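Text of the file entry05.pdb, holding PDB, N, CA and C atoms:
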```
ATOM      1  N   GLU Q   1      -8.286 -23.282   2.074
ATOM      2  CA  GLU Q   1      -7.555 -23.262   0.821
ATOM      3  C   GLU Q   1      -6.359 -22.322   0.905
ATOM      4  N   PHE Q   2      -6.556 -21.183   1.597
ATOM      5  CA  PHE Q   2      -5.462 -20.230   1.744
ATOM      6  C   PHE Q   2      -4.286 -20.865   2.477
ATOM      7  N   LEU Q   3      -4.563 -21.514   3.591
ATOM      8  CA  LEU Q   3      -3.495 -22.134   4.366
ATOM      9  C   LEU Q   3      -2.808 -23.249   3.590
ATOM     10  N   ASP Q   4      -3.572 -24.026   2.855
ATOM     11  CA  ASP Q   4      -3.006 -25.078   2.012
ATOM     12  C   ASP Q   4      -2.089 -24.482   0.946
ATOM     13  N   ALA Q   5      -2.513 -23.371   0.353
ATOM     14  CA  ALA Q   5      -1.699 -22.700  -0.664
ATOM     15  C   ALA Q   5      -0.395 -22.181  -0.061
ATOM     16  N   LEU Q   6      -0.466 -21.653   1.150
ATOM     17  CA  LEU Q   6       0.757 -21.190   1.817
ATOM     18  C   LEU Q   6       1.716 -22.343   2.091
ATOM     19  N   ARG Q   7       1.166 -23.412   2.643
ATOM     20  CA  ARG Q   7       2.006 -24.577   2.995
ATOM     21  C   ARG Q   7       2.667 -25.209   1.776
ATOM     22  N   ASN Q   8       1.950 -25.209   0.665
ATOM     23  CA  ASN Q   8       2.442 -25.896  -0.531
ATOM     24  C   ASN Q   8       3.025 -24.962  -1.587
ATOM     25  N   HIS Q   9       3.313 -23.720  -1.173
ATOM     26  CA  HIS Q   9       3.957 -22.736  -2.054
ATOM     27  C   HIS Q   9       3.185 -22.507  -3.349
ATOM     28  N   ARG Q  10       1.847 -22.424  -3.215
ATOM     29  CA  ARG Q  10       0.980 -22.169  -4.370
ATOM     30  C   ARG Q  10       0.138 -20.917  -4.163
ATOM     31  N   ILE Q  11       0.689 -19.952  -3.433
ATOM     32  CA  ILE Q  11      -0.084 -18.761  -3.097
ATOM     33  C   ILE Q  11      -0.444 -17.947  -4.338
ATOM     34  N   ASN Q  12       0.441 -17.882  -5.318
ATOM     35  CA  ASN Q  12       0.135 -17.113  -6.528
ATOM     36  C   ASN Q  12      -1.024 -17.727  -7.312
ATOM     37  N   ALA Q  13      -1.065 -19.033  -7.402
ATOM     38  CA  ALA Q  13      -2.183 -19.700  -8.084
ATOM     39  C   ALA Q  13      -3.479 -19.484  -7.310
ATOM     40  N   PHE Q  14      -3.392 -19.534  -5.990
ATOM     41  CA  PHE Q  14      -4.564 -19.279  -5.149
ATOM     42  C   PHE Q  14      -5.093 -17.871  -5.385
ATOM     43  N   ARG Q  15      -4.196 -16.901  -5.345
ATOM     44  CA  ARG Q  15      -4.609 -15.502  -5.557
ATOM     45  C   ARG Q  15      -5.238 -15.308  -6.926
ATOM     46  N   LYS Q  16      -4.631 -15.874  -7.933
ATOM     47  CA  LYS Q  16      -5.159 -15.721  -9.292
ATOM     48  C   LYS Q  16      -6.579 -16.282  -9.381
ATOM     49  N   ARG Q  17      -6.783 -17.449  -8.802
ATOM     50  CA  ARG Q  17      -8.103 -18.081  -8.854
ATOM     51  C   ARG Q  17      -9.150 -17.281  -8.082
ATOM     52  N   MET Q  18      -8.825 -16.873  -6.879
ATOM     53  CA  MET Q  18      -9.785 -16.150  -6.045
ATOM     54  C   MET Q  18     -10.075 -14.759  -6.587
ATOM     55  N   ARG Q  19      -9.067 -14.092  -7.095
ATOM     56  CA  ARG Q  19      -9.219 -12.710  -7.529
ATOM     57  C   ARG Q  19      -9.745 -12.570  -8.952
ATOM     58  N   SER Q  20      -9.974 -13.686  -9.609
ATOM     59  CA  SER Q  20     -10.546 -13.632 -10.958
ATOM     60  C   SER Q  20     -12.011 -14.087 -10.971
ATOM     61  N   ALA Q  21     -12.565 -14.340  -9.811
ATOM     62  CA  ALA Q  21     -13.950 -14.819  -9.715
ATOM     63  C   ALA Q  21     -14.932 -13.701 -10.054
ATOM     64  N   ASP Q  22     -16.055 -14.083 -10.635
ATOM     65  CA  ASP Q  22     -17.142 -13.126 -10.854
ATOM     66  C   ASP Q  22     -17.903 -12.893  -9.560
ATOM     67  N   VAL Q  23     -18.032 -13.964  -8.770
ATOM     68  CA  VAL Q  23     -18.700 -13.891  -7.473
ATOM     69  C   VAL Q  23     -17.892 -14.743  -6.496
ATOM     70  N   LEU Q  24     -17.592 -14.176  -5.346
ATOM     71  CA  LEU Q  24     -16.919 -14.920  -4.286
ATOM     72  C   LEU Q  24     -17.904 -15.039  -3.131
ATOM     73  N   ILE Q  25     -18.216 -16.261  -2.746
ATOM     74  CA  ILE Q  25     -19.146 -16.518  -1.651
ATOM     75  C   ILE Q  25     -18.358 -17.183  -0.522
ATOM     76  N   VAL Q  26     -18.406 -16.557   0.649
ATOM     77  CA  VAL Q  26     -17.653 -17.063   1.795
ATOM     78  C   VAL Q  26     -18.614 -17.244   2.964
ATOM     79  N   ASP Q  27     -18.587 -18.419   3.548
ATOM     80  CA  ASP Q  27     -19.428 -18.752   4.688
ATOM     81  C   ASP Q  27     -18.602 -18.687   5.969
ATOM     82  N   ASP Q  28     -19.235 -18.305   7.064
ATOM     83  CA  ASP Q  28     -18.647 -18.353   8.406
ATOM     84  C   ASP Q  28     -17.457 -17.402   8.577
ATOM     85  N   ILE Q  29     -17.697 -16.133   8.340
ATOM     86  CA  ILE Q  29     -16.661 -15.116   8.461
ATOM     87  C   ILE Q  29     -15.988 -15.090   9.837
ATOM     88  N   PRO Q  30     -16.687 -15.348  10.938
ATOM     89  CA  PRO Q  30     -15.998 -15.337  12.238
ATOM     90  C   PRO Q  30     -14.828 -16.321  12.318
ATOM     91  N   PHE Q  31     -14.780 -17.291  11.431
ATOM     92  CA  PHE Q  31     -13.687 -18.269  11.422
ATOM     93  C   PHE Q  31     -12.324 -17.597  11.257
ATOM     94  N   ILE Q  32     -12.268 -16.468  10.538
ATOM     95  CA  ILE Q  32     -10.976 -15.827  10.297
ATOM     96  C   ILE Q  32     -10.590 -14.820  11.380
ATOM     97  N   ALA Q  33     -11.454 -14.630  12.375
ATOM     98  CA  ALA Q  33     -11.139 -13.713  13.476
ATOM     99  C   ALA Q  33      -9.850 -14.148  14.164
ATOM    100  N   GLY Q  34      -8.973 -13.195  14.389
ATOM    101  CA  GLY Q  34      -7.713 -13.480  15.068
ATOM    102  C   GLY Q  34      -6.627 -14.058  14.172
ATOM    103  N   LYS Q  35      -6.916 -14.251  12.899
ATOM    104  CA  LYS Q  35      -5.943 -14.830  11.960
ATOM    105  C   LYS Q  35      -5.477 -13.725  11.013
ATOM    106  N   LYS Q  36      -4.427 -13.026  11.435
ATOM    107  CA  LYS Q  36      -3.979 -11.828  10.738
ATOM    108  C   LYS Q  36      -3.652 -12.063   9.272
ATOM    109  N   ALA Q  37      -2.852 -13.064   8.976
ATOM    110  CA  ALA Q  37      -2.457 -13.309   7.584
ATOM    111  C   ALA Q  37      -3.672 -13.627   6.711
ATOM    112  N   THR Q  38      -4.588 -14.417   7.238
ATOM    113  CA  THR Q  38      -5.796 -14.768   6.489
ATOM    114  C   THR Q  38      -6.649 -13.532   6.258
ATOM    115  N   GLN Q  39      -6.793 -12.690   7.273
ATOM    116  CA  GLN Q  39      -7.574 -11.472   7.122
ATOM    117  C   GLN Q  39      -6.934 -10.513   6.124
ATOM    118  N   ASP Q  40      -5.618 -10.388   6.171
ATOM    119  CA  ASP Q  40      -4.921  -9.508   5.217
ATOM    120  C   ASP Q  40      -5.142  -9.989   3.785
ATOM    121  N   GLU Q  41      -4.991 -11.277   3.574
ATOM    122  CA  GLU Q  41      -5.189 -11.833   2.234
ATOM    123  C   GLU Q  41      -6.634 -11.642   1.780
ATOM    124  N   PHE Q  42      -7.574 -11.858   2.688
ATOM    125  CA  PHE Q  42      -8.989 -11.705   2.360
ATOM    126  C   PHE Q  42      -9.309 -10.261   1.991
ATOM    127  N   LEU Q  43      -8.748  -9.322   2.727
ATOM    128  CA  LEU Q  43      -8.986  -7.906   2.436
ATOM    129  C   LEU Q  43      -8.427  -7.532   1.065
ATOM    130  N   HIS Q  44      -7.236  -8.003   0.742
ATOM    131  CA  HIS Q  44      -6.653  -7.736  -0.579
ATOM    132  C   HIS Q  44      -7.501  -8.364  -1.683
ATOM    133  N   THR Q  45      -8.017  -9.539  -1.418
ATOM    134  CA  THR Q  45      -8.872 -10.215  -2.402
ATOM    135  C   THR Q  45     -10.162  -9.436  -2.618
ATOM    136  N   ILE Q  46     -10.781  -8.973  -1.541
ATOM    137  CA  ILE Q  46     -12.009  -8.181  -1.669
ATOM    138  C   ILE Q  46     -11.739  -6.923  -2.488
ATOM    139  N   ARG Q  47     -10.633  -6.252  -2.210
ATOM    140  CA  ARG Q  47     -10.282  -5.037  -2.962
ATOM    141  C   ARG Q  47     -10.068  -5.339  -4.440
ATOM    142  N   ALA Q  48      -9.371  -6.421  -4.741
ATOM    143  CA  ALA Q  48      -9.119  -6.790  -6.136
ATOM    144  C   ALA Q  48     -10.424  -7.116  -6.861
ATOM    145  N   LEU Q  49     -11.304  -7.823  -6.188
ATOM    146  CA  LEU Q  49     -12.594  -8.161  -6.796
ATOM    147  C   LEU Q  49     -13.453  -6.913  -7.010
ATOM    148  N   GLU Q  50     -13.389  -5.996  -6.081
ATOM    149  CA  GLU Q  50     -14.142  -4.753  -6.203
ATOM    150  C   GLU Q  50     -13.684  -3.967  -7.438
ATOM    151  N   VAL Q  51     -12.385  -3.911  -7.667
ATOM    152  CA  VAL Q  51     -11.837  -3.218  -8.833
ATOM    153  C   VAL Q  51     -12.333  -3.862 -10.128
ATOM    154  N   ARG Q  52     -12.459  -5.184 -10.134
ATOM    155  CA  ARG Q  52     -12.943  -5.916 -11.308
ATOM    156  C   ARG Q  52     -14.449  -5.796 -11.499
ATOM    157  N   GLY Q  53     -15.146  -5.311 -10.482
ATOM    158  CA  GLY Q  53     -16.601  -5.229 -10.557
ATOM    159  C   GLY Q  53     -17.285  -6.518 -10.154
ATOM    160  N   SER Q  54     -16.550  -7.400  -9.495
ATOM    161  CA  SER Q  54     -17.107  -8.670  -9.036
ATOM    162  C   SER Q  54     -17.894  -8.471  -7.749
ATOM    163  N   ARG Q  55     -18.676  -9.454  -7.408
ATOM    164  CA  ARG Q  55     -19.495  -9.427  -6.195
ATOM    165  C   ARG Q  55     -18.866 -10.302  -5.120
ATOM    166  N   VAL Q  56     -19.057  -9.883  -3.870
ATOM    167  CA  VAL Q  56     -18.606 -10.665  -2.721
ATOM    168  C   VAL Q  56     -19.813 -10.861  -1.814
ATOM    169  N   VAL Q  57     -20.116 -12.113  -1.503
ATOM    170  CA  VAL Q  57     -21.243 -12.456  -0.642
ATOM    171  C   VAL Q  57     -20.675 -13.193   0.564
ATOM    172  N   LEU Q  58     -21.023 -12.699   1.745
ATOM    173  CA  LEU Q  58     -20.505 -13.290   2.975
ATOM    174  C   LEU Q  58     -21.656 -13.707   3.870
ATOM    175  N   SER Q  59     -21.425 -14.746   4.653
ATOM    176  CA  SER Q  59     -22.448 -15.132   5.630
ATOM    177  C   SER Q  59     -21.800 -15.267   6.997
ATOM    178  N   SER Q  60     -22.604 -14.968   7.994
ATOM    179  CA  SER Q  60     -22.134 -15.038   9.367
ATOM    180  C   SER Q  60     -23.335 -15.102  10.292
ATOM    181  N   GLN Q  61     -23.180 -15.780  11.386
ATOM    182  CA  GLN Q  61     -24.214 -15.804  12.415
ATOM    183  C   GLN Q  61     -24.192 -14.508  13.217
ATOM    184  N   VAL Q  62     -23.105 -13.751  13.091
ATOM    185  CA  VAL Q  62     -22.875 -12.546  13.878
ATOM    186  C   VAL Q  62     -22.574 -11.380  12.942
ATOM    187  N   HIS Q  63     -23.110 -10.205  13.249
ATOM    188  CA  HIS Q  63     -22.809  -9.005  12.470
ATOM    189  C   HIS Q  63     -21.308  -8.722  12.577
ATOM    190  N   PRO Q  64     -20.665  -8.273  11.493
ATOM    191  CA  PRO Q  64     -19.215  -8.026  11.533
ATOM    192  C   PRO Q  64     -18.753  -7.100  12.659
ATOM    193  N   ARG Q  65     -19.565  -6.127  13.034
ATOM    194  CA  ARG Q  65     -19.182  -5.228  14.139
ATOM    195  C   ARG Q  65     -19.021  -5.973  15.457
ATOM    196  N   LYS Q  66     -19.680  -7.098  15.583
ATOM    197  CA  LYS Q  66     -19.666  -7.847  16.844
ATOM    198  C   LYS Q  66     -18.663  -8.996  16.857
ATOM    199  N   ILE Q  67     -17.875  -9.130  15.808
ATOM    200  CA  ILE Q  67     -16.894 -10.213  15.741
ATOM    201  C   ILE Q  67     -15.572  -9.723  16.318
ATOM    202  N   ASP Q  68     -15.227 -10.206  17.491
ATOM    203  CA  ASP Q  68     -13.941  -9.851  18.104
ATOM    204  C   ASP Q  68     -12.811 -10.482  17.310
ATOM    205  N   GLY Q  69     -11.725  -9.755  17.169
ATOM    206  CA  GLY Q  69     -10.552 -10.288  16.493
ATOM    207  C   GLY Q  69     -10.505 -10.006  15.004
ATOM    208  N   LEU Q  70     -11.468  -9.235  14.483
ATOM    209  CA  LEU Q  70     -11.403  -8.844  13.075
ATOM    210  C   LEU Q  70     -10.578  -7.568  12.953
ATOM    211  N   HIS Q  71      -9.710  -7.526  11.984
ATOM    212  CA  HIS Q  71      -8.876  -6.369  11.670
ATOM    213  C   HIS Q  71      -9.774  -5.158  11.401
ATOM    214  N   GLY Q  72      -9.397  -3.987  11.876
ATOM    215  CA  GLY Q  72     -10.210  -2.787  11.727
ATOM    216  C   GLY Q  72     -10.596  -2.470  10.292
ATOM    217  N   ASP Q  73      -9.626  -2.574   9.355
ATOM    218  CA  ASP Q  73      -9.917  -2.291   7.946
ATOM    219  C   ASP Q  73     -10.901  -3.308   7.373
ATOM    220  N   LEU Q  74     -10.739  -4.552   7.761
ATOM    221  CA  LEU Q  74     -11.638  -5.590   7.262
ATOM    222  C   LEU Q  74     -13.035  -5.402   7.843
ATOM    223  N   LYS Q  75     -13.114  -5.105   9.115
ATOM    224  CA  LYS Q  75     -14.411  -4.876   9.754
ATOM    225  C   LYS Q  75     -15.119  -3.702   9.072
ATOM    226  N   SER Q  76     -14.381  -2.650   8.785
ATOM    227  CA  SER Q  76     -14.944  -1.487   8.097
ATOM    228  C   SER Q  76     -15.454  -1.864   6.715
ATOM    229  N   ARG Q  77     -14.671  -2.642   5.978
ATOM    230  CA  ARG Q  77     -15.057  -3.068   4.636
ATOM    231  C   ARG Q  77     -16.314  -3.934   4.684
ATOM    232  N   LEU Q  78     -16.375  -4.840   5.646
ATOM    233  CA  LEU Q  78     -17.525  -5.748   5.741
ATOM    234  C   LEU Q  78     -18.795  -5.029   6.170
ATOM    235  N   THR Q  79     -18.668  -3.956   6.920
ATOM    236  CA  THR Q  79     -19.863  -3.235   7.358
ATOM    237  C   THR Q  79     -20.287  -2.157   6.359
ATOM    238  N   SER Q  80     -19.492  -1.948   5.318
ATOM    239  CA  SER Q  80     -19.841  -0.908   4.337
ATOM    240  C   SER Q  80     -20.860  -1.390   3.303
ATOM    241  N   GLY Q  81     -21.068  -2.682   3.234
ATOM    242  CA  GLY Q  81     -22.006  -3.236   2.266
ATOM    243  C   GLY Q  81     -23.387  -3.431   2.863
ATOM    244  N   MET Q  82     -24.207  -4.117   2.122
ATOM    245  CA  MET Q  82     -25.566  -4.390   2.577
ATOM    246  C   MET Q  82     -25.574  -5.576   3.553
ATOM    247  N   ALA Q  83     -26.248  -5.401   4.659
ATOM    248  CA  ALA Q  83     -26.407  -6.490   5.631
ATOM    249  C   ALA Q  83     -27.866  -6.899   5.660
ATOM    250  N   ALA Q  84     -28.106  -8.184   5.625
ATOM    251  CA  ALA Q  84     -29.486  -8.700   5.655
ATOM    252  C   ALA Q  84     -29.544  -9.892   6.595
ATOM    253  N   ARG Q  85     -30.707 -10.069   7.175
ATOM    254  CA  ARG Q  85     -30.899 -11.245   8.045
ATOM    255  C   ARG Q  85     -31.185 -12.460   7.191
TER
END
```
When written as structure tokens, how does the structure in this file appear?
Amino acid sequence: EFLDALRNHRINAFRKRMRSADVLIVDDIPFIAGKKATQDEFLHTIRALEVRGSRVVLSSQVHPRKIDGLHGDLKSRLTSGMAAR
């Protein structure tokens, strides 16, 4: 959705929708490894949701510390929460 919003010049609508959620659930976090713009946007979204008191739920087959290509700030943010199998 992020890439589609960029291509179609709808990034502001995308941000508004994602950052106004009560709960954001994202599957397959390793997918964004190595994608700087996507990781930057995701980190800003997580921060905005945190300020609102919203929840962020992520899933991954791999612990965030073991995902190569994740931005340091994002990796830190993802490992600061609760991890469960």
Calculate, to one decimal in Å, the centre and edge lengths of the box along x, y and z of the file that holds all listed atoms of region 20-35 of chain Q with 5 Å of margin on each side, and present them as JSON.
```
{"center_x": -12.5, "center_y": -15.8, "center_z": 2.0, "size_x": 24.0, "size_y": 15.9, "size_z": 36.0}
```
Excluding region 80-83 of chain Q and any residue of its chain fewer than 2 positions from it, enumerate the residues within 10 Å of it, using only C-alpha atoms, and give them as an mmCIF file with N, CA and C atoms, in the frame of the given file.
```cif
data_model
loop_
_atom_site.group_PDB
_atom_site.id
_atom_site.type_symbol
_atom_site.label_atom_id
_atom_site.label_comp_id
_atom_site.auth_asym_id
_atom_site.auth_seq_id
_atom_site.Cartn_x
_atom_site.Cartn_y
_atom_site.Cartn_z
ATOM 1 N N VAL Q 56 -19.057 -9.883 -3.870
ATOM 2 C CA VAL Q 56 -18.606 -10.665 -2.721
ATOM 3 C C VAL Q 56 -19.813 -10.861 -1.814
ATOM 4 N N VAL Q 57 -20.116 -12.113 -1.503
ATOM 5 C CA VAL Q 57 -21.243 -12.456 -0.642
ATOM 6 C C VAL Q 57 -20.675 -13.193 0.564
ATOM 7 N N LEU Q 58 -21.023 -12.699 1.745
ATOM 8 C CA LEU Q 58 -20.505 -13.290 2.975
ATOM 9 C C LEU Q 58 -21.656 -13.707 3.870
ATOM 10 N N SER Q 59 -21.425 -14.746 4.653
ATOM 11 C CA SER Q 59 -22.448 -15.132 5.630
ATOM 12 C C SER Q 59 -21.800 -15.267 6.997
ATOM 13 N N HIS Q 63 -23.110 -10.205 13.249
ATOM 14 C CA HIS Q 63 -22.809 -9.005 12.470
ATOM 15 C C HIS Q 63 -21.308 -8.722 12.577
ATOM 16 N N PRO Q 64 -20.665 -8.273 11.493
ATOM 17 C CA PRO Q 64 -19.215 -8.026 11.533
ATOM 18 C C PRO Q 64 -18.753 -7.100 12.659
ATOM 19 N N LEU Q 74 -10.739 -4.552 7.761
ATOM 20 C CA LEU Q 74 -11.638 -5.590 7.262
ATOM 21 C C LEU Q 74 -13.035 -5.402 7.843
ATOM 22 N N LYS Q 75 -13.114 -5.105 9.115
ATOM 23 C CA LYS Q 75 -14.411 -4.876 9.754
ATOM 24 C C LYS Q 75 -15.119 -3.702 9.072
ATOM 25 N N SER Q 76 -14.381 -2.650 8.785
ATOM 26 C CA SER Q 76 -14.944 -1.487 8.097
ATOM 27 C C SER Q 76 -15.454 -1.864 6.715
ATOM 28 N N ARG Q 77 -14.671 -2.642 5.978
ATOM 29 C CA ARG Q 77 -15.057 -3.068 4.636
ATOM 30 C C ARG Q 77 -16.314 -3.934 4.684
ATOM 31 N N LEU Q 78 -16.375 -4.840 5.646
ATOM 32 C CA LEU Q 78 -17.525 -5.748 5.741
ATOM 33 C C LEU Q 78 -18.795 -5.029 6.170
ATOM 34 N N ARG Q 85 -30.707 -10.069 7.175
ATOM 35 C CA ARG Q 85 -30.899 -11.245 8.045
ATOM 36 C C ARG Q 85 -31.185 -12.460 7.191
#
```
> Rounded to one decimal in Å, what is the spacing between atom N of Leu49 (chain Q) and atom C of Arg19 (chain Q)?
Replying inline: 5.7 Å
> On this structure, which residues satisfy the PyMOL selection byres (((chain Q and resi 30 and name CA) around 9) and name CA), written as a ChimeraX atom specification?
Replying inline: /Q:27-29,31-34,60-62,64,67-70
> What gap, in Å, lies between atom C of Arg10 (chain Q) and atom C of Arg55 (chain Q)?
Replying inline: 21.8 Å
>> What's around Ser54 (chain Q) at 8 Å? Count only N, CA and C atoms, leave out sequence neighbours fewer than 4 positions away in its own chain, and write the answer as a list in words.
In response: Ser20, Ala21, Asp22, Val23, Leu24, Ala48, Leu49 and Glu50 of chain Q
> To one decimal place, how far is atom N of Gly53 (chain Q) from CA of Lys66 (chain Q) in Å?
Replying inline: 27.8 Å
>> For the structure I just gave you, how does DSSP split chain Q - specifically, which residues are alpha helix (DSSP H)? Reply as a PyMOL selection string.
In response: chain Q and resi 2-7+11-19+36-52+72-79
> For Glu41 (chain Q), which residue among Q:Asn8, Q:Ala84, Q:Arg15, Q:Val26 is the nearest when counting only C-alpha atoms?
Replying inline: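 Closest residue, counting only C-alpha atoms: Q:Arg15.
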>> From a backbone DSSP assignment, name each residue in chain Q labelled strand (DSSP E or B), as a PyMOL selection string.
In response: chain Q and resi 23-26+55-58
> Using all atoms listed in the file, which of Q:Thr79, Q:His9, Q:Arg52, Q:His44 sits nearest Arg65 (chain Q)?
Replying inline: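 The answer is Q:Thr79, which sits nearest to Arg65 (chain Q).
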Can you take the partial region 41-55 of chain Q, add N, CA, C and O atoms, and return it as a tab-separated table (two decimals), in the coordinates of the input?
```
chain	number	residue	atom	x	y	z
Q	41	GLU	N	-4.99	-11.28	3.57
Q	41	GLU	CA	-5.19	-11.83	2.23
Q	41	GLU	C	-6.63	-11.64	1.78
Q	41	GLU	O	-6.90	-11.29	0.63
Q	42	PHE	N	-7.57	-11.86	2.69
Q	42	PHE	CA	-8.99	-11.70	2.36
Q	42	PHE	C	-9.31	-10.26	1.99
Q	42	PHE	O	-10.03	-9.99	1.03
Q	43	LEU	N	-8.75	-9.32	2.73
Q	43	LEU	CA	-8.99	-7.91	2.44
Q	43	LEU	C	-8.43	-7.53	1.06
Q	43	LEU	O	-9.09	-6.85	0.28
Q	44	HIS	N	-7.24	-8.00	0.74
Q	44	HIS	CA	-6.65	-7.74	-0.58
Q	44	HIS	C	-7.50	-8.36	-1.68
Q	44	HIS	O	-7.67	-7.77	-2.76
Q	45	THR	N	-8.02	-9.54	-1.42
Q	45	THR	CA	-8.87	-10.22	-2.40
Q	45	THR	C	-10.16	-9.44	-2.62
Q	45	THR	O	-10.59	-9.24	-3.76
Q	46	ILE	N	-10.78	-8.97	-1.54
Q	46	ILE	CA	-12.01	-8.18	-1.67
Q	46	ILE	C	-11.74	-6.92	-2.49
Q	46	ILE	O	-12.51	-6.57	-3.39
Q	47	ARG	N	-10.63	-6.25	-2.21
Q	47	ARG	CA	-10.28	-5.04	-2.96
Q	47	ARG	C	-10.07	-5.34	-4.44
Q	47	ARG	O	-10.54	-4.59	-5.31
Q	48	ALA	N	-9.37	-6.42	-4.74
Q	48	ALA	CA	-9.12	-6.79	-6.14
Q	48	ALA	C	-10.42	-7.12	-6.86
Q	48	ALA	O	-10.61	-6.73	-8.02
Q	49	LEU	N	-11.30	-7.82	-6.19
Q	49	LEU	CA	-12.59	-8.16	-6.80
Q	49	LEU	C	-13.45	-6.91	-7.01
Q	49	LEU	O	-14.14	-6.79	-8.02
Q	50	GLU	N	-13.39	-6.00	-6.08
Q	50	GLU	CA	-14.14	-4.75	-6.20
Q	50	GLU	C	-13.68	-3.97	-7.44
Q	50	GLU	O	-14.50	-3.44	-8.19
Q	51	VAL	N	-12.38	-3.91	-7.67
Q	51	VAL	CA	-11.84	-3.22	-8.83
Q	51	VAL	C	-12.33	-3.86	-10.13
Q	51	VAL	O	-12.64	-3.17	-11.10
Q	52	ARG	N	-12.46	-5.18	-10.13
Q	52	ARG	CA	-12.94	-5.92	-11.31
Q	52	ARG	C	-14.45	-5.80	-11.50
Q	52	ARG	O	-14.98	-6.20	-12.52
Q	53	GLY	N	-15.15	-5.31	-10.48
Q	53	GLY	CA	-16.60	-5.23	-10.56
Q	53	GLY	C	-17.28	-6.52	-10.15
Q	53	GLY	O	-18.47	-6.72	-10.43
Q	54	SER	N	-16.55	-7.40	-9.49
Q	54	SER	CA	-17.11	-8.67	-9.04
Q	54	SER	C	-17.89	-8.47	-7.75
Q	54	SER	O	-17.77	-7.46	-7.08
Q	55	ARG	N	-18.68	-9.45	-7.41
Q	55	ARG	CA	-19.50	-9.43	-6.20
Q	55	ARG	C	-18.87	-10.30	-5.12
Q	55	ARG	O	-18.26	-11.33	-5.42
```
